[in-house]
$ cat work_11.cif   # mmCIF, C-alpha atoms
data_run
#
loop_
_atom_site.label_atom_id
_atom_site.label_comp_id
_atom_site.auth_asym_id
_atom_site.auth_seq_id
_atom_site.Cartn_x
_atom_site.Cartn_y
_atom_site.Cartn_z
CA MET A 9 30.81 116.42 -86.64
CA ARG A 10 32.10 117.97 -83.39
CA TYR A 11 28.72 117.27 -81.75
CA LEU A 12 28.83 113.59 -82.77
CA ARG A 13 32.37 113.16 -81.48
CA GLY A 14 31.37 114.87 -78.23
CA ILE A 15 28.69 112.22 -77.69
CA ILE A 16 31.20 109.47 -78.49
CA TYR A 17 33.75 110.77 -75.98
CA PHE A 18 31.01 111.10 -73.34
CA TYR A 19 30.17 107.41 -73.62
CA LEU A 20 33.85 106.48 -73.94
CA ASN A 21 34.57 108.09 -70.58
CA SER A 22 31.88 105.89 -69.03
CA SER A 23 33.86 102.84 -70.27
CA LEU A 24 37.11 103.92 -68.63
CA ILE A 25 38.23 101.89 -65.65
CA ASN A 26 39.43 104.13 -62.81
CA ILE A 27 39.04 101.84 -59.79
CA PHE A 28 39.94 98.16 -59.28
CA ILE A 29 39.11 96.32 -56.02
CA GLY A 30 38.43 99.67 -54.39
CA VAL A 31 41.64 101.51 -55.34
CA SER A 32 42.61 103.89 -58.14
CA TYR A 33 46.27 102.89 -58.06
CA LEU A 34 47.66 99.35 -57.80
CA LYS A 35 50.31 98.14 -55.36
CA PHE A 36 51.08 94.77 -56.92
CA TRP A 37 53.91 95.63 -59.30
CA LYS A 38 57.42 97.02 -59.07
CA ASN A 39 57.07 100.62 -60.25
CA SER A 40 54.52 103.43 -60.56
CA TRP A 41 54.14 102.99 -64.33
CA ALA A 42 53.17 99.33 -63.98
CA ASN A 43 50.72 100.13 -61.18
CA GLN A 44 48.67 102.60 -63.23
CA ILE A 45 45.04 101.76 -64.01
CA ASN A 46 44.91 102.84 -67.61
CA GLY A 47 42.35 102.17 -70.33
CA THR A 48 38.78 101.13 -71.01
CA ASP A 49 36.96 97.91 -70.23
CA GLY A 50 37.53 96.77 -73.83
CA SER A 51 34.02 97.48 -75.11
CA TRP A 52 34.87 100.90 -76.52
CA PHE A 53 38.01 102.75 -77.60
CA PRO A 54 38.81 106.29 -78.83
CA PRO A 55 37.79 106.87 -82.47
CA LEU A 56 40.43 105.81 -85.00
CA TYR A 57 39.36 108.06 -87.88
CA LYS A 58 42.34 109.79 -89.56
CA LYS A 59 44.82 108.26 -87.10
CA ASP A 60 48.07 106.47 -87.91
CA LEU A 61 46.88 102.94 -87.22
CA GLN A 62 50.36 101.41 -87.38
CA SER A 63 51.56 103.46 -84.40
CA GLU A 64 48.27 103.50 -82.46
CA ARG A 65 47.97 101.72 -79.11
CA LEU A 66 44.56 101.09 -77.60
CA TYR A 67 44.74 100.69 -73.82
CA LEU A 68 42.47 98.53 -71.71
CA PHE A 69 42.59 97.34 -68.13
CA SER A 70 42.39 93.59 -67.66
CA THR A 71 41.05 92.38 -64.34
CA ASP A 72 42.24 88.88 -65.26
CA VAL A 73 45.92 89.83 -65.06
CA CYS A 74 45.46 92.85 -62.75
CA ARG A 75 47.21 95.24 -65.12
CA SER A 76 46.76 97.54 -68.09
CA LEU A 77 47.35 96.10 -71.54
CA TYR A 78 47.27 97.54 -75.03
CA ALA A 79 46.19 96.34 -78.44
CA LYS A 80 48.01 97.08 -81.70
CA PHE A 81 46.75 97.33 -85.27
CA GLU A 82 46.78 94.12 -87.25
CA ASP A 83 44.60 94.41 -90.36
CA HIS A 84 41.51 95.91 -92.01
CA SER A 85 38.26 93.96 -91.85
CA SER A 86 34.48 94.28 -91.85
CA VAL A 87 31.65 93.08 -89.62
CA LEU A 88 28.20 92.76 -91.23
CA ASP A 89 29.37 95.06 -94.05
CA ILE A 90 30.60 97.74 -91.61
CA PRO A 91 34.31 98.53 -92.17
CA THR A 92 36.40 97.78 -89.08
CA GLU A 93 40.02 97.66 -87.94
CA ILE A 94 41.48 94.59 -86.27
CA PHE A 95 43.54 95.23 -83.12
CA SER A 96 45.03 92.41 -81.07
CA ILE A 97 47.01 91.96 -77.86
CA PRO A 98 50.62 91.64 -79.07
CA ALA A 99 53.08 88.92 -78.06
CA GLU A 100 55.49 91.59 -76.74
CA LEU A 101 53.34 91.99 -73.63
CA PHE A 102 53.88 88.34 -72.69
CA VAL A 103 57.55 87.78 -73.51
CA ASN A 104 60.11 87.61 -70.72
CA SER A 105 61.85 90.74 -69.45
CA SER A 106 65.14 89.92 -71.20
CA ILE A 107 63.32 90.41 -74.52
CA ASN A 108 61.02 93.23 -73.42
CA PRO A 109 62.52 95.13 -70.44
CA ASP A 110 59.15 96.78 -69.72
CA ASN A 111 57.90 93.41 -68.49
CA ALA A 112 60.43 93.34 -65.65
CA ALA A 113 58.07 95.52 -63.60
CA PHE A 114 55.50 92.71 -63.75
CA GLY A 115 57.97 90.01 -62.76
CA LEU A 116 57.64 88.34 -66.15
CA ASN A 117 60.67 86.08 -66.18
CA VAL A 118 59.08 83.35 -68.30
CA SER A 119 57.60 84.12 -71.71
CA GLY A 120 53.89 83.62 -72.24
CA ILE A 121 52.97 82.90 -68.60
CA PHE A 122 51.77 85.63 -66.28
CA ASP A 123 52.02 85.06 -62.54
CA VAL A 124 48.94 86.67 -60.95
CA SER A 125 49.31 85.06 -57.53
CA ILE A 126 50.26 88.47 -56.14
CA CYS A 127 46.74 89.75 -56.79
CA ARG A 128 44.96 86.44 -56.05
CA GLN A 129 45.73 86.16 -52.34
CA GLY A 130 48.84 84.09 -53.06
CA ALA A 131 47.04 81.31 -54.96
CA PRO A 132 49.43 79.66 -57.47
CA VAL A 133 47.47 80.92 -60.48
CA PHE A 134 49.11 81.74 -63.80
CA ILE A 135 47.37 83.33 -66.80
CA SER A 136 48.37 82.68 -70.40
CA PHE A 137 46.83 82.57 -73.81
CA PRO A 138 45.19 79.20 -74.66
CA HIS A 139 47.55 76.30 -75.35
CA LEU A 140 50.37 78.35 -73.79
CA LEU A 141 50.62 80.56 -76.87
CA TYR A 142 53.89 82.60 -76.78
CA ALA A 143 55.14 80.54 -73.80
CA ASP A 144 58.66 79.15 -73.58
CA ASP A 145 59.09 75.74 -75.25
CA GLU A 146 60.38 74.43 -71.93
CA TYR A 147 56.88 74.66 -70.44
CA LYS A 148 54.94 73.68 -73.56
CA SER A 149 56.97 70.47 -73.87
CA ARG A 150 55.90 69.34 -70.37
CA VAL A 151 52.21 69.19 -71.26
CA ASP A 152 50.73 66.72 -73.78
CA GLY A 153 48.25 67.98 -76.36
CA ILE A 154 49.53 71.55 -76.55
CA ALA A 155 49.00 73.04 -80.03
CA PRO A 156 49.17 76.86 -79.93
CA ASP A 157 47.79 78.70 -82.96
CA ALA A 158 47.81 82.52 -83.00
CA ASN A 159 44.85 82.60 -85.42
CA VAL A 160 42.70 80.71 -82.94
CA HIS A 161 44.15 81.57 -79.54
CA ARG A 162 45.00 85.30 -79.59
CA THR A 163 42.74 88.06 -78.23
CA LEU A 164 41.45 90.53 -80.80
CA PHE A 165 38.99 93.37 -81.33
CA GLU A 166 37.30 94.54 -84.54
CA ILE A 167 36.64 98.26 -84.12
CA GLU A 168 34.53 100.72 -86.11
CA GLN A 169 36.87 103.64 -86.80
CA HIS A 170 34.48 106.61 -86.45
CA THR A 171 32.94 105.64 -83.12
CA GLY A 172 35.56 103.34 -81.58
CA LEU A 173 32.84 100.75 -80.94
CA VAL A 174 33.96 97.13 -80.72
CA LEU A 175 31.74 95.23 -83.15
CA ASN A 176 33.46 91.88 -82.64
CA ALA A 177 35.65 90.78 -79.74
CA GLN A 178 37.42 87.49 -79.11
CA LYS A 179 38.86 87.40 -75.61
CA ARG A 180 40.87 84.23 -75.06
CA LEU A 181 42.81 83.27 -71.98
CA GLN A 182 43.87 80.20 -70.08
CA ILE A 183 44.01 79.64 -66.32
CA ASN A 184 46.96 77.51 -65.24
CA ILE A 185 48.05 76.05 -61.92
CA LEU A 186 51.67 75.71 -60.84
CA ILE A 187 52.46 72.16 -59.77
CA LYS A 188 55.67 71.54 -57.80
CA PRO A 189 57.25 68.44 -56.26
CA ASP A 190 56.26 67.93 -52.64
CA ARG A 191 58.05 65.39 -50.46
CA LEU A 192 55.20 65.39 -47.94
CA ILE A 193 52.65 64.16 -50.49
CA ASP A 194 53.36 60.76 -52.02
CA ASP A 195 51.68 61.53 -55.34
CA PHE A 196 53.74 64.69 -55.79
CA ARG A 197 57.18 63.48 -54.74
CA LEU A 198 58.39 62.64 -58.26
CA VAL A 199 56.40 65.28 -60.11
CA LYS A 200 58.40 67.77 -62.15
CA GLU A 201 57.58 71.44 -61.85
CA VAL A 202 54.92 72.18 -64.48
CA ILE A 203 52.48 74.88 -65.44
CA LEU A 204 49.33 72.78 -65.75
CA PRO A 205 46.47 74.17 -67.86
CA ALA A 206 43.22 74.04 -65.89
CA ILE A 207 40.73 75.72 -68.22
CA TRP A 208 40.80 78.03 -71.19
CA ILE A 209 38.10 80.54 -71.94
CA ASN A 210 36.83 82.15 -75.12
CA GLU A 211 34.57 85.11 -74.35
CA SER A 212 33.26 86.22 -77.72
CA THR A 213 30.72 88.82 -78.75
CA THR A 214 29.59 90.10 -82.15
CA ILE A 215 27.10 92.81 -83.02
CA ASN A 216 23.82 91.43 -84.40
CA GLN A 217 22.22 92.48 -87.67
CA LYS A 218 19.58 94.75 -86.09
CA SER A 219 22.16 96.64 -84.03
CA ALA A 220 24.41 96.91 -87.10
CA ASP A 221 21.52 98.38 -89.12
CA ASP A 222 20.75 100.85 -86.30
CA LEU A 223 24.41 101.86 -86.11
CA ASN A 224 24.50 102.42 -89.87
CA ASN A 225 21.22 104.33 -90.08
CA GLN A 226 21.40 106.41 -86.91
CA VAL A 227 25.11 107.13 -86.53
CA LEU A 228 27.43 106.19 -89.41
CA ARG A 229 25.14 107.68 -92.05
CA LEU A 230 25.53 111.06 -90.33
CA PHE A 231 29.31 110.83 -90.62
CA VAL A 232 28.92 110.11 -94.35
CA ILE A 233 26.56 113.06 -94.80
CA VAL A 234 28.85 115.42 -92.90
CA ARG A 235 31.84 114.16 -94.86
CA TRP A 236 30.15 114.77 -98.22
CA ILE A 237 28.94 118.20 -97.12
CA SER A 238 32.50 119.13 -96.13
CA ILE A 239 33.78 117.82 -99.49
CA LEU A 240 31.14 119.81 -101.41
CA LEU A 241 31.81 122.95 -99.40
CA ILE A 242 35.40 123.11 -100.65
CA PRO A 243 34.61 123.53 -104.40
CA LEU A 244 31.61 125.70 -103.49
CA GLY A 245 33.87 127.98 -101.49
CA ILE A 246 36.33 128.13 -104.40
CA ILE A 247 33.51 128.99 -106.82
CA LEU A 248 32.20 131.74 -104.52
CA PHE A 249 35.71 133.11 -104.10
CA ILE A 250 36.21 133.24 -107.89
CA MET A 251 32.81 134.86 -108.34
CA MET A 252 33.69 137.53 -105.78
CA ILE A 253 36.95 138.26 -107.61
CA VAL A 254 35.13 138.48 -110.96
CA ILE A 255 32.43 140.77 -109.54
CA PHE A 256 35.02 142.93 -107.79
CA THR A 257 37.13 143.15 -110.94
CA LYS A 258 34.10 143.96 -113.08
CA ARG A 259 32.89 146.68 -110.71
CA ARG A 260 36.37 148.15 -110.45
CA SER A 261 36.58 148.21 -114.23
CA GLN A 262 33.20 149.94 -114.44
CA TYR A 263 34.31 152.45 -111.81
CA ASN A 264 37.53 153.19 -113.68
CA SER A 265 35.60 153.57 -116.95
CA ALA A 266 33.17 155.97 -115.27
CA ARG A 267 36.04 158.02 -113.87
CA LEU A 268 37.73 158.12 -117.26
CA LEU A 269 34.49 159.21 -118.96
CA PHE A 270 33.93 161.88 -116.31
CA ALA A 271 37.48 163.16 -116.77
CA GLU A 272 37.09 163.36 -120.55
CA SER A 273 33.77 165.20 -120.20
CA HIS A 274 35.34 167.64 -117.74
CA ASN A 275 38.27 168.31 -120.11
CA THR A 276 35.88 168.89 -123.05
CA ILE A 277 33.82 171.44 -121.08
CA ALA A 278 36.99 173.16 -119.98
CA SER A 279 38.31 173.43 -123.54
CA HIS A 280 35.03 174.96 -124.75
CA ASN A 281 35.25 177.59 -122.07
#
$ encode --input "work_11.cif" --output "structure tokens"
Amino acid sequence: MRYLRGIIYFYLNSSLINIFIGVSYLKFWKNSWANQINGTDGSWFPPLYKKDLQSERLYLFSTDVCRSLYAKFEDHSSVLDIPTEIFSIPAELFVNSSINPDNAAFGLNVSGIFDVSICRQGAPVFISFPHLLYADDEYKSRVDGIAPDANVHRTLFEIEQHTGLVLNAQKRLQINILIKPDRLIDDFRLVKEVILPAIWINESTTINQKSADDLNNQVLRLFVIVRWISILLIPLGIILFIMMIVIFTKRRSQYNSARLLFAESHNTIASHN
């Protein structure tokens, strides 16, 4: 089991992101904690076996928003008959800083809309979930056709617990442009300030049947075998321990009987003399 987990952690380390645009530490945000590059690329996470899923946070670095994020446990699931755990990016990472003070370091003053102009050469680009999911109603009301649905528009990962492999991922985000009134441009003089959705993206991947079969046969089956061996070793150890006690007790009894018999024989010889 230790050997298998050693292999897993070796490949996990190769998925860790340590450098972004040539640096190992960011300078975009307001404190050292926010500027850390922390987590994987989202294709692999630490194994979840025997962990408290409710309190677990899985960290990944998102190049889209130039910061580290985390995913939290949501539910149990399965992918092609392989048991998995669903983790998703929580709304708390995108609410304004008055609700979640940790977001103040990222300048998140408006819920659901992440200003990434600071790491996009000043371009007025804002990242959100599709259909401005989790955004303030003030901004959603300014755009026609907005219909946010967490079941459709959130980002999630379905993870195999022994290996930490992501068997199904649904990465969803929306690129928005900030539009402001401009007195120098006739068409923009009377425009209200609005976060205008430009495009939303759904990058999805799911393990295929052949890869799922290979994972089952070459990796997960070994975990099952090792688990059953460890389960069987417990009663076997108990049985061997009991047998040792019985044998020890029996031999001690035989030894005591032999000593008693020897003592009686010695006393008889002495009495005859």
$ resolve_selection --input "work_11.cif" --expression "the PyMOL selection byres ((chain A and resi 164) around 8)" --output "PDB file with C-alpha atoms, keeping the file's coordinate frame"
ATOM      1  CA  ALA A  79      46.190  96.340 -78.440  1.00  0.00           C
ATOM      2  CA  ILE A  94      41.480  94.590 -86.270  1.00  0.00           C
ATOM      3  CA  PHE A  95      43.540  95.230 -83.120  1.00  0.00           C
ATOM      4  CA  SER A  96      45.030  92.410 -81.070  1.00  0.00           C
ATOM      5  CA  ILE A  97      47.010  91.960 -77.860  1.00  0.00           C
ATOM      6  CA  ARG A 162      45.000  85.300 -79.590  1.00  0.00           C
ATOM      7  CA  THR A 163      42.740  88.060 -78.230  1.00  0.00           C
ATOM      8  CA  PHE A 165      38.990  93.370 -81.330  1.00  0.00           C
ATOM      9  CA  GLU A 166      37.300  94.540 -84.540  1.00  0.00           C
ATOM     10  CA  ALA A 177      35.650  90.780 -79.740  1.00  0.00           C
ATOM     11  CA  GLN A 178      37.420  87.490 -79.110  1.00  0.00           C
ATOM     12  CA  LYS A 179      38.860  87.400 -75.610  1.00  0.00           C
TER      13      LYS A 179
END
$ atom_distance --input "work_11.cif" --atom1 "atom CA of A:Leu192" --atom2 "atom CA of A:Phe134"
23.6 Å
$ residues_around --input "work_11.cif" --residues "A:Ser105" --least-positions-apart "3" --cutoff "6 Å" --atoms "all atoms listed in the file" --output "ChimeraX atom specification"
/A:108-109,111-112,116-117
$ write_last_selection --input "work_11.cif" --atoms "C-alpha atoms" --output "mmCIF file, in the frame of the given file"
data_model
loop_
_atom_site.group_PDB
_atom_site.id
_atom_site.type_symbol
_atom_site.label_atom_id
_atom_site.label_comp_id
_atom_site.auth_asym_id
_atom_site.auth_seq_id
_atom_site.Cartn_x
_atom_site.Cartn_y
_atom_site.Cartn_z
ATOM 1 C CA ASN A 108 61.020 93.230 -73.420
ATOM 2 C CA PRO A 109 62.520 95.130 -70.440
ATOM 3 C CA ASN A 111 57.900 93.410 -68.490
ATOM 4 C CA ALA A 112 60.430 93.340 -65.650
ATOM 5 C CA LEU A 116 57.640 88.340 -66.150
ATOM 6 C CA ASN A 117 60.670 86.080 -66.180
#
$ atom_distance --input "work_11.cif" --atom1 "atom CA of A:Val73" --atom2 "atom CA of A:Arg128"
9.7 Å
$ closest_residue --input "work_11.cif" --among "A:Leu56, A:Arg65, A:Ala113, A:Ile126" --to "A:Asn39" --atoms "all atoms listed in the file"
A:Ala113
$ closest_residue --input "work_11.cif" --among "A:Leu204, A:Glu82, A:Pro54, A:Tyr67" --to "A:Ile121" --atoms "only C-alpha atoms"
A:Leu204
$ atom_distance --input "work_11.cif" --atom1 "atom CA of A:Gly50" --atom2 "atom CA of A:His161"
17.5 Å
$ resolve_selection --input "work_11.cif" --expression "the PyMOL selection byres ((chain A and resi 150) around 12)" --output "count of residues only"
21
